[in-house]
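K.L.:
Sharing upload-v1.txt (compact mmCIF, C-alpha atoms and all ligand atoms) below.
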```txt
# COMPACT_ATOMS: atom_id res chain seq x y z
CA MET L 542 6.04 3.07 -7.98
CA SER L 543 8.90 2.03 -10.26
CA THR L 544 8.59 0.29 -13.61
CA ALA L 545 10.92 -2.32 -15.09
CA SER L 546 12.52 0.36 -17.29
CA PRO L 547 15.17 2.72 -15.88
CA VAL L 548 14.69 5.11 -18.84
CA LEU L 549 10.96 5.30 -18.11
CA ASP L 550 11.56 5.66 -14.36
CA GLU L 551 13.83 8.62 -15.04
CA LEU L 552 11.18 10.24 -17.24
CA LEU L 553 8.49 9.73 -14.57
CA ASP L 554 10.76 11.33 -12.02
CA ALA L 555 11.85 14.22 -14.23
CA LEU L 556 8.25 15.13 -15.14
CA ARG L 557 7.62 15.91 -11.48
CA CYS L 558 9.74 19.06 -11.73
CA LEU L 559 6.66 20.56 -13.45
CA PRO L 560 4.40 22.47 -11.03
CA GLY L 561 1.24 20.55 -10.11
CA VAL L 562 2.50 17.23 -11.50
CA GLY L 563 2.54 14.31 -9.05
CA ALA L 564 3.28 10.61 -9.56
CA ARG L 565 -0.04 9.86 -11.20
CA SER L 566 -0.07 12.76 -13.69
CA ALA L 567 3.57 12.04 -14.52
CA GLN L 568 2.59 8.49 -15.45
CA ARG L 569 -0.37 9.67 -17.49
CA MET L 570 1.84 12.13 -19.36
CA ALA L 571 4.67 9.68 -20.03
CA TYR L 572 2.34 6.92 -21.22
CA HIS L 573 0.39 9.31 -23.39
CA LEU L 574 3.56 10.47 -25.15
CA LEU L 575 4.97 6.95 -25.53
CA GLU L 576 1.71 5.46 -26.79
CA ARG L 577 0.30 8.25 -28.86
CA ASP L 578 2.59 11.22 -29.39
CA ARG L 579 6.28 10.43 -29.63
CA GLN L 580 6.74 13.25 -32.09
CA GLY L 581 5.23 15.69 -29.60
CA GLY L 582 7.51 14.30 -26.87
CA GLY L 583 10.58 14.78 -29.06
CA ARG L 584 9.50 18.30 -29.94
CA LEU L 585 9.00 19.11 -26.25
CA ALA L 586 12.48 17.77 -25.42
CA THR L 587 14.04 20.03 -28.06
CA ALA L 588 11.98 23.05 -27.00
CA LEU L 589 12.89 22.57 -23.33
CA GLN L 590 16.58 22.21 -24.12
CA ALA L 591 16.56 25.36 -26.25
CA ALA L 592 14.60 27.36 -23.69
CA MET L 593 16.72 26.34 -20.70
CA GLN L 594 19.96 27.06 -22.57
CA ARG L 595 19.06 30.13 -24.59
CA ILE L 596 16.52 32.15 -22.62
CA GLY L 597 18.04 34.67 -20.27
CA ASN L 598 16.85 38.05 -19.05
CA CYS L 599 16.69 41.24 -21.08
CA VAL L 600 19.38 43.68 -19.90
CA GLU L 601 16.87 46.55 -19.95
CA CYS L 602 13.61 45.18 -18.59
CA ARG L 603 14.73 41.83 -17.04
CA SER L 604 11.92 39.91 -18.78
CA PHE L 605 12.69 36.60 -20.50
CA SER L 606 14.63 37.01 -23.73
CA GLU L 607 16.97 34.94 -25.86
CA SER L 608 18.74 38.07 -27.07
CA GLU L 609 20.49 40.74 -25.01
CA ARG L 610 17.46 43.02 -25.36
CA CYS L 611 13.94 41.63 -25.69
CA ALA L 612 11.82 42.48 -28.74
CA LEU L 613 9.84 45.09 -26.80
CA CYS L 614 12.91 46.97 -25.54
CA ALA L 615 14.83 46.63 -28.81
CA GLY L 616 11.89 47.65 -31.00
CA SER L 617 10.97 51.19 -32.01
CA THR L 618 7.18 50.89 -31.87
CA ARG L 619 6.64 51.34 -28.12
CA GLU L 620 6.23 54.54 -26.18
CA ARG L 621 9.49 54.89 -24.21
CA SER L 622 8.18 57.53 -21.80
CA GLN L 623 5.91 55.07 -19.96
CA LEU L 624 7.40 52.30 -17.85
CA CYS L 625 5.19 49.69 -16.20
CA VAL L 626 6.71 47.76 -13.29
CA VAL L 627 5.47 44.18 -12.79
CA GLU L 628 6.59 41.36 -10.52
CA THR L 629 6.90 38.58 -13.10
CA PRO L 630 7.00 37.90 -16.85
CA ALA L 631 3.57 36.27 -16.42
CA ASP L 632 2.18 39.60 -15.19
CA LEU L 633 3.76 41.32 -18.20
CA ALA L 634 2.08 38.78 -20.49
CA ALA L 635 -1.28 39.30 -18.74
CA ILE L 636 -1.13 43.09 -19.24
CA GLU L 637 -0.04 42.72 -22.87
CA HIS L 638 -2.93 40.32 -23.43
CA ALA L 639 -5.62 42.34 -21.64
CA THR L 640 -4.83 45.99 -22.24
CA GLY L 641 -3.86 48.29 -25.07
CA TYR L 642 -0.75 49.52 -23.21
CA ARG L 643 1.93 50.72 -25.65
CA GLY L 644 4.73 51.61 -23.23
CA LEU L 645 7.64 49.55 -21.90
CA TYR L 646 8.01 47.29 -18.86
CA PHE L 647 10.34 46.63 -15.99
CA VAL L 648 10.16 43.16 -14.44
CA LEU L 649 11.19 42.82 -10.79
CA LEU L 650 11.37 38.99 -10.89
CA GLY L 651 9.90 39.01 -7.38
CA ARG L 652 8.79 41.51 -4.77
CA LEU L 653 10.47 43.02 -1.73
CA SER L 654 10.63 40.22 0.80
CA PRO L 655 13.52 40.54 3.24
CA LEU L 656 12.76 37.16 4.84
CA ASP L 657 13.32 35.48 1.46
CA GLY L 658 16.47 37.49 0.85
CA LEU L 659 14.78 39.65 -1.79
CA GLY L 660 15.92 43.24 -1.37
CA PRO L 661 16.26 46.20 -3.78
CA GLU L 662 19.44 44.71 -5.28
CA GLU L 663 17.76 41.37 -6.16
CA LEU L 664 14.82 43.15 -7.80
CA GLY L 665 17.15 45.17 -10.05
CA LEU L 666 16.18 48.50 -8.47
CA PRO L 667 19.64 50.09 -9.04
CA LEU L 668 19.06 49.44 -12.77
CA LEU L 669 15.60 51.01 -12.50
CA GLN L 670 17.03 54.03 -10.65
CA ARG L 671 19.61 54.65 -13.40
CA ARG L 672 16.81 54.39 -15.95
CA LEU L 673 14.68 56.93 -14.11
CA ALA L 674 17.68 59.27 -13.78
CA GLN L 675 18.17 59.29 -17.56
CA GLY L 676 15.02 61.40 -17.96
CA GLU L 677 13.38 59.39 -20.76
CA VAL L 678 10.69 57.94 -18.47
CA ARG L 679 7.86 60.36 -17.68
CA GLU L 680 5.42 57.99 -15.98
CA LEU L 681 6.15 54.98 -13.82
CA ILE L 682 3.12 52.67 -13.69
CA LEU L 683 3.09 50.39 -10.65
CA ALA L 684 1.48 47.04 -11.39
CA THR L 685 2.77 44.95 -8.52
CA ASN L 686 0.30 42.51 -7.00
CA PRO L 687 -2.20 43.86 -4.44
CA THR L 688 -0.72 41.73 -1.67
CA VAL L 689 1.03 42.99 1.45
CA GLU L 690 4.47 42.51 -0.09
CA GLY L 691 3.35 43.84 -3.46
CA GLU L 692 1.98 47.00 -1.79
CA ALA L 693 5.20 47.48 0.20
CA THR L 694 7.15 47.12 -3.05
CA ALA L 695 4.89 49.68 -4.75
CA HIS L 696 5.44 52.09 -1.87
CA TYR L 697 9.22 51.72 -2.21
CA LEU L 698 9.02 52.22 -5.99
CA ALA L 699 6.85 55.33 -5.58
CA GLU L 700 9.55 56.88 -3.41
CA LEU L 701 12.24 56.06 -5.98
CA ALA L 702 10.15 57.77 -8.67
CA GLN L 703 9.46 60.83 -6.52
CA THR L 704 13.17 61.20 -5.78
CA ALA L 705 13.83 61.09 -9.54
CA GLY L 706 11.01 63.56 -10.21
CA VAL L 707 9.04 61.04 -12.27
CA ARG L 708 5.23 60.84 -12.19
CA VAL L 709 3.89 57.62 -10.61
CA SER L 710 0.58 55.86 -11.06
CA ARG L 711 -0.88 52.69 -9.64
CA LEU L 712 -3.44 50.34 -11.18
CA ALA L 713 -6.95 51.42 -10.16
CA HIS L 714 -8.95 49.64 -7.52
CA GLY L 715 -10.91 46.89 -9.12
CA VAL L 716 -8.11 44.40 -8.73
CA PRO L 717 -9.37 42.26 -5.82
CA LEU L 718 -7.26 42.58 -2.68
CA GLY L 719 -5.14 39.56 -1.83
CA GLY L 720 -5.42 38.26 -5.39
CA GLU L 721 -2.67 37.48 -7.85
CA LEU L 722 -2.55 39.76 -10.91
CA GLU L 723 -1.71 36.85 -13.17
CA TYR L 724 -5.05 35.14 -12.50
CA ILE L 725 -7.41 38.09 -12.83
CA ASP L 726 -9.95 38.06 -15.64
CA ARG L 727 -9.11 40.12 -18.69
CA GLY L 728 -11.95 42.63 -18.32
CA THR L 729 -11.17 43.53 -14.69
CA LEU L 730 -7.50 43.88 -15.47
CA ALA L 731 -8.14 46.08 -18.52
CA HIS L 732 -10.47 48.31 -16.48
CA ALA L 733 -8.01 48.62 -13.59
CA PHE L 734 -5.21 49.42 -15.99
CA GLY L 735 -7.26 52.04 -17.81
CA SER L 736 -8.30 53.87 -14.64
CA ARG L 737 -4.94 53.83 -12.86
CA LEU L 738 -4.57 56.64 -10.34
CA PRO L 739 -1.73 59.19 -10.03
CA LEU L 740 0.16 58.78 -6.76
CA ASN L 741 1.92 62.14 -6.79
CA MET Z 874 -1.07 34.64 -26.40
CA SER Z 875 2.41 35.01 -27.84
CA THR Z 876 5.43 36.46 -26.06
CA ALA Z 877 8.22 38.50 -27.55
CA SER Z 878 10.46 35.40 -27.55
CA PRO Z 879 10.16 32.77 -30.31
CA VAL Z 880 12.06 30.21 -28.18
CA LEU Z 881 9.60 30.72 -25.32
CA ASP Z 882 6.60 30.63 -27.70
CA GLU Z 883 7.80 27.28 -29.03
CA LEU Z 884 8.15 25.92 -25.48
CA LEU Z 885 4.63 27.12 -24.55
CA ASP Z 886 3.28 25.43 -27.65
CA ALA Z 887 5.23 22.20 -27.20
CA LEU Z 888 4.12 21.82 -23.56
CA ARG Z 889 0.54 21.51 -24.79
CA CYS Z 890 1.27 18.03 -26.18
CA LEU Z 891 1.02 16.91 -22.53
CA PRO Z 892 -2.47 15.64 -21.62
CA GLY Z 893 -4.47 18.13 -19.55
CA VAL Z 894 -2.13 21.04 -20.24
CA GLY Z 895 -3.74 24.13 -21.79
CA ALA Z 896 -2.33 27.59 -22.53
CA ARG Z 897 -2.42 28.72 -18.92
CA SER Z 898 -0.77 25.65 -17.37
CA ALA Z 899 1.84 25.68 -20.14
CA GLN Z 900 2.74 29.22 -19.18
CA ARG Z 901 2.85 28.36 -15.49
CA MET Z 902 5.12 25.39 -16.21
CA ALA Z 903 7.47 27.28 -18.55
CA TYR Z 904 7.82 30.26 -16.21
CA HIS Z 905 8.34 28.03 -13.20
CA LEU Z 906 11.21 26.20 -14.94
CA LEU Z 907 12.79 29.40 -16.29
CA GLU Z 908 12.53 31.29 -13.00
CA ARG Z 909 13.17 28.59 -10.48
CA ASP Z 910 14.25 25.23 -11.90
CA ARG Z 911 16.39 25.37 -15.02
CA GLN Z 912 18.26 22.29 -13.90
CA GLY Z 913 14.98 20.37 -13.64
CA GLY Z 914 13.98 21.61 -17.09
CA GLY Z 915 17.26 20.43 -18.60
CA ARG Z 916 16.93 17.06 -16.88
CA LEU Z 917 13.37 16.71 -18.22
CA ALA Z 918 14.58 17.53 -21.76
CA THR Z 919 17.22 14.81 -21.56
CA ALA Z 920 14.82 12.26 -20.04
CA LEU Z 921 12.19 12.94 -22.72
CA GLN Z 922 14.72 12.62 -25.51
CA ALA Z 923 16.02 9.31 -24.14
CA ALA Z 924 12.54 7.92 -23.55
CA MET Z 925 11.16 8.85 -26.98
CA GLN Z 926 14.22 7.43 -28.75
CA ARG Z 927 15.03 4.38 -26.67
CA ILE Z 928 11.76 3.00 -25.29
CA GLY Z 929 10.06 0.51 -27.55
CA ASN Z 930 7.86 -2.51 -26.84
CA CYS Z 931 8.98 -5.81 -25.36
CA VAL Z 932 8.85 -8.53 -28.05
CA GLU Z 933 7.18 -10.92 -25.60
CA CYS Z 934 4.67 -8.88 -23.61
CA ARG Z 935 4.46 -5.64 -25.67
CA SER Z 936 4.91 -3.47 -22.56
CA PHE Z 937 7.33 -0.53 -22.65
CA SER Z 938 10.97 -1.58 -22.66
CA GLU Z 939 14.28 -0.15 -23.78
CA SER Z 940 15.65 -3.64 -24.41
CA GLU Z 941 14.28 -6.34 -26.71
CA ARG Z 942 12.72 -8.11 -23.71
CA CYS Z 943 11.53 -6.20 -20.65
CA ALA Z 944 12.97 -6.98 -17.22
CA LEU Z 945 9.88 -9.02 -16.25
CA CYS Z 946 9.99 -11.26 -19.34
CA ALA Z 947 13.79 -11.57 -19.39
CA GLY Z 948 14.07 -12.32 -15.65
CA SER Z 949 13.88 -15.72 -14.01
CA THR Z 950 11.98 -14.77 -10.88
CA ARG Z 951 8.43 -14.73 -12.25
CA GLU Z 952 5.99 -17.61 -12.55
CA ARG Z 953 5.83 -18.31 -16.32
CA SER Z 954 2.66 -20.42 -16.16
CA GLN Z 955 0.43 -17.45 -15.37
CA LEU Z 956 -0.21 -14.77 -17.97
CA CYS Z 957 -2.25 -11.68 -17.16
CA VAL Z 958 -3.68 -9.74 -20.11
CA VAL Z 959 -4.08 -5.98 -19.66
CA GLU Z 960 -5.01 -3.18 -22.01
CA THR Z 961 -2.19 -0.75 -21.24
CA PRO Z 962 1.21 -0.49 -19.51
CA ALA Z 963 -0.55 1.74 -16.95
CA ASP Z 964 -2.85 -1.18 -16.04
CA LEU Z 965 0.20 -3.43 -15.72
CA ALA Z 966 1.80 -0.89 -13.37
CA ALA Z 967 -1.42 -0.67 -11.33
CA ILE Z 968 -1.56 -4.47 -10.83
CA GLU Z 969 2.14 -4.64 -9.97
CA HIS Z 970 1.64 -1.87 -7.44
CA ALA Z 971 -1.54 -3.22 -5.84
CA THR Z 972 -1.26 -6.99 -5.85
CA GLY Z 973 1.24 -9.70 -5.05
CA TYR Z 974 0.94 -11.21 -8.53
CA ARG Z 975 4.12 -13.08 -9.51
CA GLY Z 976 3.25 -14.20 -13.05
CA LEU Z 977 3.87 -12.53 -16.41
CA TYR Z 978 1.83 -10.06 -18.48
CA PHE Z 979 0.60 -9.52 -21.98
CA VAL Z 980 -0.21 -5.93 -22.94
CA LEU Z 981 -2.79 -5.39 -25.69
CA LEU Z 982 -1.97 -1.69 -26.14
CA GLY Z 983 -5.68 -1.12 -26.65
CA ARG Z 984 -8.91 -3.12 -26.79
CA LEU Z 985 -10.95 -4.55 -29.62
CA SER Z 986 -12.56 -1.57 -31.31
CA PRO Z 987 -13.32 -2.13 -35.00
CA LEU Z 988 -14.46 1.48 -35.46
CA ASP Z 989 -11.00 2.68 -34.39
CA GLY Z 990 -9.30 0.11 -36.62
CA LEU Z 991 -8.25 -1.99 -33.62
CA GLY Z 992 -8.66 -5.67 -34.45
CA PRO Z 993 -6.93 -8.86 -33.24
CA GLU Z 994 -3.84 -8.09 -35.36
CA GLU Z 995 -3.33 -4.62 -33.80
CA LEU Z 996 -3.65 -6.04 -30.28
CA GLY Z 997 -0.94 -8.63 -30.95
CA LEU Z 998 -3.34 -11.57 -30.60
CA PRO Z 999 -1.46 -13.78 -33.13
CA LEU Z 1000 1.58 -13.42 -30.82
CA LEU Z 1001 -0.60 -14.34 -27.84
CA GLN Z 1002 -2.02 -17.37 -29.69
CA ARG Z 1003 1.48 -18.69 -30.48
CA ARG Z 1004 2.38 -18.20 -26.82
CA LEU Z 1005 -0.68 -20.16 -25.65
CA ALA Z 1006 0.07 -22.92 -28.18
CA GLN Z 1007 3.57 -23.41 -26.69
CA GLY Z 1008 2.03 -24.99 -23.57
CA GLU Z 1009 3.97 -23.03 -20.96
CA VAL Z 1010 0.97 -20.90 -19.95
CA ARG Z 1011 -1.50 -22.73 -17.65
CA GLU Z 1012 -3.73 -19.82 -16.66
CA LEU Z 1013 -4.72 -16.77 -18.67
CA ILE Z 1014 -5.92 -13.98 -16.36
CA LEU Z 1015 -8.14 -11.46 -18.08
CA ALA Z 1016 -7.71 -7.96 -16.65
CA THR Z 1017 -9.18 -5.84 -19.42
CA ASN Z 1018 -11.27 -2.88 -18.29
CA PRO Z 1019 -14.92 -3.52 -17.28
CA THR Z 1020 -16.19 -1.38 -20.17
CA VAL Z 1021 -18.25 -2.60 -23.11
CA GLU Z 1022 -15.18 -2.86 -25.35
CA GLY Z 1023 -13.06 -4.35 -22.56
CA GLU Z 1024 -15.70 -7.03 -21.92
CA ALA Z 1025 -15.93 -7.84 -25.64
CA THR Z 1026 -12.15 -8.16 -25.71
CA ALA Z 1027 -12.21 -10.45 -22.67
CA HIS Z 1028 -14.84 -12.61 -24.34
CA TYR Z 1029 -12.65 -12.92 -27.46
CA LEU Z 1030 -9.59 -13.77 -25.33
CA ALA Z 1031 -11.52 -16.40 -23.37
CA GLU Z 1032 -12.35 -18.17 -26.63
CA LEU Z 1033 -8.69 -18.08 -27.71
CA ALA Z 1034 -7.69 -19.67 -24.42
CA GLN Z 1035 -10.39 -22.33 -24.59
CA THR Z 1036 -9.29 -23.26 -28.12
CA ALA Z 1037 -5.73 -23.64 -26.82
CA GLY Z 1038 -6.94 -25.65 -23.80
CA VAL Z 1039 -5.70 -23.04 -21.32
CA ARG Z 1040 -7.59 -22.20 -18.12
CA VAL Z 1041 -9.04 -18.66 -18.07
CA SER Z 1042 -9.95 -16.40 -15.18
CA ARG Z 1043 -11.34 -12.91 -14.95
CA LEU Z 1044 -10.84 -10.32 -12.21
CA ALA Z 1045 -13.60 -10.68 -9.61
CA HIS Z 1046 -16.49 -8.31 -9.37
CA GLY Z 1047 -15.59 -5.45 -7.15
CA VAL Z 1048 -14.15 -3.45 -9.99
CA PRO Z 1049 -16.86 -0.84 -10.56
CA LEU Z 1050 -18.57 -1.19 -13.93
CA GLY Z 1051 -17.78 1.52 -16.45
CA GLY Z 1052 -14.62 2.47 -14.54
CA GLU Z 1053 -11.04 2.52 -15.75
CA LEU Z 1054 -8.78 -0.05 -14.11
CA GLU Z 1055 -5.93 2.41 -13.93
CA TYR Z 1056 -7.82 4.73 -11.58
CA ILE Z 1057 -9.23 2.22 -9.12
CA ASP Z 1058 -8.05 2.39 -5.53
CA ARG Z 1059 -5.38 -0.08 -4.53
CA GLY Z 1060 -7.49 -2.05 -2.05
CA THR Z 1061 -10.38 -2.69 -4.43
CA LEU Z 1062 -7.98 -3.72 -7.16
CA ALA Z 1063 -6.06 -6.08 -4.88
CA HIS Z 1064 -9.33 -7.66 -3.70
CA ALA Z 1065 -10.66 -8.10 -7.23
CA PHE Z 1066 -7.39 -9.62 -8.34
CA GLY Z 1067 -7.29 -12.03 -5.40
CA SER Z 1068 -10.83 -13.30 -5.94
CA ARG Z 1069 -10.71 -13.65 -9.72
CA LEU Z 1070 -13.19 -16.21 -11.02
CA PRO Z 1071 -12.54 -19.16 -13.32
CA LEU Z 1072 -14.33 -18.75 -16.65
CA ASN Z 1073 -14.04 -22.35 -17.82
ZN ZN E 1101 13.32 44.04 -22.43
ZN ZN E 1102 8.01 -8.13 -21.54
```
Have the structure of the file written as C-alpha cells, please.

P.N.:
Amino acid sequence: MSTASPVLDELLDALRCLPGVGARSAQRMAYHLLERDRQGGGRLATALQAAMQRIGNCVECRSFSESERCALCAGSTRERSQLCVVETPADLAAIEHATGYRGLYFVLLGRLSPLDGLGPEELGLPLLQRRLAQGEVRELILATNPTVEGEATAHYLAELAQTAGVRVSRLAHGVPLGGELEYIDRGTLAHAFGSRLPLN
Amino acid sequence: MSTASPVLDELLDALRCLPGVGARSAQRMAYHLLERDRQGGGRLATALQAAMQRIGNCVECRSFSESERCALCAGSTRERSQLCVVETPADLAAIEHATGYRGLYFVLLGRLSPLDGLGPEELGLPLLQRRLAQGEVRELILATNPTVEGEATAHYLAELAQTAGVRVSRLAHGVPLGGELEYIDRGTLAHAFGSRLPLN
C-alpha cells in the first residue's frame, strides 16, 4: 500500500526494520507521530542516529558501549574476581535488573552454532581465555540460555575454565528448559542465580 | 531499567514514543538494530527526520503531503466532482486500498468533539464550505467512522452540503457499528463504499 507521498512511503518502509512491525503497525506508528507527536519522532530520529553511529562493543566484556570500556568494566565498584558469561546484552540487562550480582560480565554476542558460522572466534573466546589466564577471575558463572546450543556453549566454556584452573558455576535449575533467559520472570531468575551450582 | 550507556538509555526511552511500544519491546527493538541491522536503524533515523521536518498538510484536502498540494489534489487524473470526507489519513489510505474510488478527499484530522476542543474550525470546515460553494463538487461522500462522534460529524457535514445544494451520500451499512474504519477488512469496506446511500 503506497501513499501519495514518497517521504511518507520511505518512512513506512523504514519502520519495518523494527522487529514485529508489519505494514499495518508501521502505518499506525507513522501516522501517530505525524498527527500527534512530531517532537517525539524527531527525538527518536536523533537517538537512533546517535546510537547507530556511537554505540560499539566494550573491548573487555563485548557488551554495548559508546566508550572503549563500558561503565561496568571501567568502574571500580564491581567485584573483578567474578565473571558472568551471557549470550546477549539483553541477558546482561535481565541479570542486572533481577539479581544483586556485583561482579563483571562477558557477553558472547551469540552461542556456539557451527551451522550459523558461530565458532569460538566469533564469540570472543580467545579474549575470554586471555582474561582467565591473567588470574584475576576466580569464578566463571555460566548464564547461557538453557537451550541445546546454550548448553553446548556452557560445556565448552566449562572446559576453558578448567584448563585455566578457574572455578565454574552454572545458574541453578529453576530456569525452565527450552526457555529464553531474557523472558524469564524476575523472581525465577533471581532464585536461579542465587542457587547456582559449582561445576568443578 | 537503565543500562550503563546513556546513548542506549536515550534510544530505549525515545522508542517509547511509538504507539504500543513499552520498555520490553523498546529493548528488543534497540538490541535488534544494534546487533543485526545498523543499516536499517540509520535508514529509519533519516526517514524519521525527513518525515517530521518535511511532511505537512495539503492545503486543499489536509492529508499528509510534503508539497503544498498532495499528489491526488495536484494531479489531473481524479474526478473533481466527488469529494469523500474522512477523519484521518489512515482512513483515506484504507479507502484508496480497498475501493476503486476515483474522486478526491477531504481529511478532517479528527471528528467533532467539543470536550476535546475539536469544533468546526479545527476540522477545517470553513475550508470545506468554501470548496462546496465553488460549485465544482457535485457529491459529498461521508466516510466518517460509525461511532457516536463520527455520526454527529456526518450529520453536521450533511447540513453543510444541503445548505450548499450539494448531493450527500453516506457509506452503506455493512460497516460494523462502533468499529474503526481503518481496521475493517477490505471486502466489507469495498462493499459499503459501493452501496453508499443518498442522504438527500
Ligand atoms: Zn565492558
Ligand atoms: Zn490534497

K.L.:
Please, which residues of chain L lie no more than 7 Å from chain Z when the count uses only C-alpha atoms, and can they be set out as a ChimeraX atom specification?

P.N.:
/L:542,544-546,548-549,551-552,555-556,558-560,570,575,579,581-593,606-607,611-613,634,638

K.L.:
State, in Å with one decimal place, the distance from atom CA of His1028 of chain Z to atom CA of Gly1067 of chain Z.

P.N.:
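Taking atom CA of His1028 of chain Z and atom CA of Gly1067 of chain Z, their separation equals 20.4 Å.
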
K.L.:
Please provide the set of residues having any atom within 10 Å of Asn741 of chain L, restricted to only C-alpha atoms, with same-chain residues fewer than 6 positions apart removed, written as a JSON list (two decimals) with C-alpha atoms, keeping the file's coordinate frame.

P.N.:
```
[["chain", "number", "residue", "atom", "x", "y", "z"],
["L", 699, "ALA", "CA", 6.85, 55.33, -5.58],
["L", 700, "GLU", "CA", 9.55, 56.88, -3.41],
["L", 702, "ALA", "CA", 10.15, 57.77, -8.67],
["L", 703, "GLN", "CA", 9.46, 60.83, -6.52],
["L", 706, "GLY", "CA", 11.01, 63.56, -10.21],
["L", 707, "VAL", "CA", 9.04, 61.04, -12.27],
["L", 708, "ARG", "CA", 5.23, 60.84, -12.19],
["L", 709, "VAL", "CA", 3.89, 57.62, -10.61],
["L", 710, "SER", "CA", 0.58, 55.86, -11.06]]
```

K.L.:
Could you state the separation of atom CA of Arg1069 of chain Z and atom CA of Arg1043 of chain Z in Å, given to one decimal place?

P.N.:
5.3 Å

K.L.:
To one decimal place in Å, what is the distance between atom CA of Pro999 of chain Z and atom CA of Thr1036 of chain Z?

P.N.:
13.3 Å

K.L.:
Can you pull out every residue within 10 Å of Tyr1029 of chain Z, counting only C-alpha atoms, but drop anything in the same chain fewer than 4 positions away, and send it as a PyMOL selection string?

P.N.:
chain Z and resi 985+993+998+1023-1025+1033-1034

K.L.:
Could you turn the residues from that selection into a file that holds C-alpha atoms, as a PDB file, keeping the file's coordinate frame?

P.N.:
```
ATOM      1  CA  LEU Z 985     -10.950  -4.550 -29.620  1.00  0.00           C
ATOM      2  CA  PRO Z 993      -6.930  -8.860 -33.240  1.00  0.00           C
ATOM      3  CA  LEU Z 998      -3.340 -11.570 -30.600  1.00  0.00           C
ATOM      4  CA  GLY Z1023     -13.060  -4.350 -22.560  1.00  0.00           C
ATOM      5  CA  GLU Z1024     -15.700  -7.030 -21.920  1.00  0.00           C
ATOM      6  CA  ALA Z1025     -15.930  -7.840 -25.640  1.00  0.00           C
ATOM      7  CA  LEU Z1033      -8.690 -18.080 -27.710  1.00  0.00           C
ATOM      8  CA  ALA Z1034      -7.690 -19.670 -24.420  1.00  0.00           C
TER       9      ALA Z1034
END
```

K.L.:
Would you fill out segment 570-584 of chain L with N, CA and C atoms and return it as an mmCIF file, keeping the file's coordinate frame?

P.N.:
```cif
data_model
loop_
_atom_site.group_PDB
_atom_site.id
_atom_site.type_symbol
_atom_site.label_atom_id
_atom_site.label_comp_id
_atom_site.auth_asym_id
_atom_site.auth_seq_id
_atom_site.Cartn_x
_atom_site.Cartn_y
_atom_site.Cartn_z
ATOM 1 N N MET L 570 1.148 11.381 -18.318
ATOM 2 C CA MET L 570 1.840 12.130 -19.360
ATOM 3 C C MET L 570 2.836 11.261 -20.124
ATOM 4 N N ALA L 571 3.653 10.509 -19.379
ATOM 5 C CA ALA L 571 4.670 9.680 -20.030
ATOM 6 C C ALA L 571 4.029 8.641 -20.930
ATOM 7 N N TYR L 572 2.984 7.967 -20.435
ATOM 8 C CA TYR L 572 2.340 6.920 -21.220
ATOM 9 C C TYR L 572 1.636 7.491 -22.426
ATOM 10 N N HIS L 573 1.033 8.660 -22.255
ATOM 11 C CA HIS L 573 0.390 9.310 -23.390
ATOM 12 C C HIS L 573 1.406 9.584 -24.498
ATOM 13 N N LEU L 574 2.553 10.153 -24.134
ATOM 14 C CA LEU L 574 3.560 10.470 -25.150
ATOM 15 C C LEU L 574 4.091 9.187 -25.798
ATOM 16 N N LEU L 575 4.390 8.184 -24.986
ATOM 17 C CA LEU L 575 4.970 6.950 -25.530
ATOM 18 C C LEU L 575 3.979 6.200 -26.415
ATOM 19 N N GLU L 576 2.690 6.219 -26.013
ATOM 20 C CA GLU L 576 1.710 5.460 -26.790
ATOM 21 C C GLU L 576 1.183 6.223 -27.988
ATOM 22 N N ARG L 577 1.060 7.539 -27.837
ATOM 23 C CA ARG L 577 0.300 8.250 -28.860
ATOM 24 C C ARG L 577 0.957 9.488 -29.444
ATOM 25 N N ASP L 578 2.038 9.967 -28.847
ATOM 26 C CA ASP L 578 2.590 11.220 -29.390
ATOM 27 C C ASP L 578 4.096 11.325 -29.180
ATOM 28 N N ARG L 579 4.828 10.391 -29.777
ATOM 29 C CA ARG L 579 6.280 10.430 -29.630
ATOM 30 C C ARG L 579 6.881 11.642 -30.311
ATOM 31 N N GLN L 580 6.244 12.063 -31.395
ATOM 32 C CA GLN L 580 6.740 13.250 -32.090
ATOM 33 C C GLN L 580 6.608 14.480 -31.187
ATOM 34 N N GLY L 581 5.444 14.589 -30.535
ATOM 35 C CA GLY L 581 5.230 15.690 -29.600
ATOM 36 C C GLY L 581 6.239 15.653 -28.462
ATOM 37 N N GLY L 582 6.541 14.451 -27.955
ATOM 38 C CA GLY L 582 7.510 14.300 -26.870
ATOM 39 C C GLY L 582 8.898 14.745 -27.307
ATOM 40 N N GLY L 583 9.279 14.383 -28.525
ATOM 41 C CA GLY L 583 10.580 14.780 -29.060
ATOM 42 C C GLY L 583 10.662 16.284 -29.250
ATOM 43 N N ARG L 584 9.548 16.854 -29.734
ATOM 44 C CA ARG L 584 9.500 18.300 -29.940
ATOM 45 C C ARG L 584 9.623 19.031 -28.600
#
```
